[in-house]
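So the structure is just underneath, and the comments pick up after that.
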Amino acid sequence: MSTLTATAEEPRTAQARPAYRVTGRRVLSSEWAKLWSLRSTWITLGLGLLFLVAFGLIAASRYKSGIDSGHIDRDFADSTAVSLSLFGTNFAQLALGVLGVLVTAGEYSTGMIRSTLAAVPRRLPVLWSKAAVFGLVALAVGTLGAFVAFGFGSGIVSGTPAAMGLSHAGVLRSLLGAGLYLGLVGVIGTALGALLRSVAGGISVLVATFMLIPGLISLLPSSWQDNISPYLPSNAGESMFALTHDSTTLSPSAGLLVFLCWTALALGGAAYRLARSDV
C-alpha cells in the first residue's frame, strides 16, 4: 500500500518544480527585449548618432571654409581631423546619458519595476543587466558615429593642415576612446536613474555633472582649477579620446582609470539603494 502511495505522489512532486529558473542570461534577454520595445530607444539613439555625426561635419566644414577664406577662428587654429570629427561628442553624450536614465528611472515612474523585481527577487542582477545591455548599445552607437564622422570629416578637411588618416598615430585610439567614453556615459546614466529613481532628477544630475560643474570650476582660483579640473568626469573622459595632451590634462590611460572610478561610484550607489530600500 505504501509503495502505491509513493508511486502516485511522484508525478505531483515533479509537477511542483518551477518550469524556469532565473539565470543571468535570461535576465539579460529580458532587459534587451524591454530596451528595444520602446520607441524612445530608437529615437534617442538616432539623435545621439545624428548629433555625433552632424556636429562633427559642421565643425569640419567651418574649419575648411575658414582655411579657404584665410580668416580661420582662433578656436579652430590648432584643430585636427580627429578633434573636428569628434566635436559632437558633448552633444551625443547628453542623448545617450538621458536614455540611460530612462532605462532605469522610467520603470520606477510607470511602476513596472515591481514586476521586474518580483521576477528577479535578488534585485542586483537587474541593475547589472540594465547597465551591461545599455552600455554595450551606447558603445556600439558611439563607436559607429565616431568612425562615420571621421570618415566624412577627414574627407572635408583633406588638403588642409588638419588632414589626417586612420594610419596616423593616435587616431584609431581616439576614435575607439570616444566610443568607450559614450558607452560609459550610458552606464552612468543608468546608474543615476536607479539611484535617484526619478527621470527629472537623474537628467538634472547628469547635465550638472557633465555640463555645469566644469564651467563652475572656472570660478575657482587657478591653483585649485589645475588640481580639480582634470579629475572631473567630463574632463577625464575627454582625455580618453583627445589626440594631444599637455600638463593640464590626464593621459588617455589615466583618464580612463578616473572615469571608470566615477562609473563604479555611480553603480555602487545605485546598487546600495536598490538592495537596501523598498521600491
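Ligands are numbered from 1 in the order shown, residues from 1 within each chain, and chains are lettered A, B, ... in the order they appear in the C-alpha cells.
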Contacts of range 64-69 of chain A within 10 Å, only C-alpha atoms, excl. fewer than 5 positions in-chain, as a ChimeraX atom specification = /A:58-59,76-77,153,156-162
Resulting file, chosen residues, C-alpha atoms, as a CSV table (one decimal), in the first residue's frame:
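File produced: again-v2.csv:
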chain,number,residue,atom,x,y,z
A,58,ILE,CA,29.6,71.1,-39.2
A,59,ALA,CA,32.9,71.7,-37.4
A,76,PHE,CA,39.9,76.2,-34.7
A,77,ALA,CA,43.5,77.2,-35.4
A,153,GLY,CA,35.2,64.9,-41.7
A,156,ILE,CA,36.2,67.6,-45.9
A,157,VAL,CA,39.5,68.8,-44.4
A,158,SER,CA,41.6,66.9,-46.9
A,159,GLY,CA,44.5,69.1,-48.2
A,160,THR,CA,44.5,71.3,-45.1
A,161,PRO,CA,46.8,71.3,-42.1
A,162,ALA,CA,44.2,69.3,-40.1
With a distance cut-off of 9 Å and only C-alpha atoms, select the neighbouring residues of Thr209 in chain A, excluding the residue or stretch itself and same-chain residues fewer than 3 positions from it, and output the selection as a ChimeraX atom specification.
-> /A:204-206,212-214,232-234
Shell around range 133-136 of chain A at 6 Å using only C-alpha atoms, local window under 5 positions removed, as a VMD selection string | chain A and resid 183 186 to 187
Between A:Arg276, A:Arg197, A:Arg21, A:His71, which one has atoms that come closest to Ile113 in chain A, using only C-alpha atoms?
->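 Nearest candidate to Ile113 in chain A out of A:Arg276, A:Arg197, A:Arg21, A:His71: A:Arg197.
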Please produce, as a tab-separated table, a per-residue contact table for range 69-186 of chain A versus range 235-255 of chain A (criterion: any atom at most 8 Å away, only C-alpha atoms considered), showing the nearest atom pair and its distance in Å to one decimal, sorted by chain then residue number.
residue	atom	partner	partner_atom	distance
A:Val82	CA	A:Leu243	CA	7.2
A:Ser83	CA	A:Ala242	CA	7.2
A:Gly170	CA	A:Leu243	CA	6.1
A:Val171	CA	A:Leu243	CA	6.9
A:Arg173	CA	A:Phe241	CA	7.0
A:Ser174	CA	A:Phe241	CA	4.1
A:Leu175	CA	A:Phe241	CA	6.5
A:Leu176	CA	A:Phe241	CA	7.5
A:Gly177	CA	A:Phe241	CA	4.7
A:Ala178	CA	A:Phe241	CA	5.2
A:Tyr181	CA	A:Gly237	CA	6.0
Those same residues - N, CA and C atoms - I'd like them written as a PDB file, in the first residue's frame.
ATOM      1  N   VAL A  82      40.631  64.693 -36.224  1.00  0.00           N
ATOM      2  CA  VAL A  82      40.035  63.948 -35.112  1.00  0.00           C
ATOM      3  C   VAL A  82      39.222  64.870 -34.210  1.00  0.00           C
ATOM      4  N   SER A  83      39.811  65.968 -33.798  1.00  0.00           N
ATOM      5  CA  SER A  83      39.098  66.880 -32.896  1.00  0.00           C
ATOM      6  C   SER A  83      37.865  67.479 -33.566  1.00  0.00           C
ATOM      7  N   GLY A 170      47.725  57.581 -33.065  1.00  0.00           N
ATOM      8  CA  GLY A 170      46.729  58.016 -32.099  1.00  0.00           C
ATOM      9  C   GLY A 170      45.318  58.157 -32.623  1.00  0.00           C
ATOM     10  N   VAL A 171      45.123  58.103 -33.935  1.00  0.00           N
ATOM     11  CA  VAL A 171      43.789  58.328 -34.497  1.00  0.00           C
ATOM     12  C   VAL A 171      42.845  57.191 -34.121  1.00  0.00           C
ATOM     13  N   ARG A 173      43.102  55.062 -31.707  1.00  0.00           N
ATOM     14  CA  ARG A 173      42.881  55.075 -30.267  1.00  0.00           C
ATOM     15  C   ARG A 173      41.869  56.136 -29.868  1.00  0.00           C
ATOM     16  N   SER A 174      41.919  57.299 -30.498  1.00  0.00           N
ATOM     17  CA  SER A 174      40.986  58.377 -30.182  1.00  0.00           C
ATOM     18  C   SER A 174      39.553  58.003 -30.562  1.00  0.00           C
ATOM     19  N   LEU A 175      39.367  57.411 -31.731  1.00  0.00           N
ATOM     20  CA  LEU A 175      38.024  57.049 -32.168  1.00  0.00           C
ATOM     21  C   LEU A 175      37.430  55.958 -31.278  1.00  0.00           C
ATOM     22  N   LEU A 176      38.237  54.960 -30.943  1.00  0.00           N
ATOM     23  CA  LEU A 176      37.757  53.909 -30.045  1.00  0.00           C
ATOM     24  C   LEU A 176      37.516  54.464 -28.639  1.00  0.00           C
ATOM     25  N   GLY A 177      38.367  55.396 -28.217  1.00  0.00           N
ATOM     26  CA  GLY A 177      38.183  56.020 -26.910  1.00  0.00           C
ATOM     27  C   GLY A 177      36.896  56.815 -26.832  1.00  0.00           C
ATOM     28  N   ALA A 178      36.533  57.479 -27.923  1.00  0.00           N
ATOM     29  CA  ALA A 178      35.270  58.229 -27.936  1.00  0.00           C
ATOM     30  C   ALA A 178      34.079  57.284 -27.797  1.00  0.00           C
ATOM     31  N   TYR A 181      33.982  56.064 -24.207  1.00  0.00           N
ATOM     32  CA  TYR A 181      33.513  57.140 -23.336  1.00  0.00           C
ATOM     33  C   TYR A 181      31.991  57.240 -23.364  1.00  0.00           C
TER      34      TYR A 181
END
In range 25-173 of chain A, DSSP alpha helix (DSSP H) residues written as number ranges by chain = A: 25-36, 39-69, 81-85, 89-110, 112-119, 124-156, 171-173
Between A:Leu267, A:Ala92, A:Val98, A:Cys261, which is the closest to Gly202 in chain A once you count only C-alpha atoms?
-> A:Val98
Ala131 in chain A environment, 12 Å, only C-alpha atoms, sequence neighbours closer than 5 positions dropped, as a count of residues only | 38
Any idea what the distance is between CA of Leu50 in chain A and CA of Val148 in chain A?
->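 These two atoms are separated by 10.5 Å.
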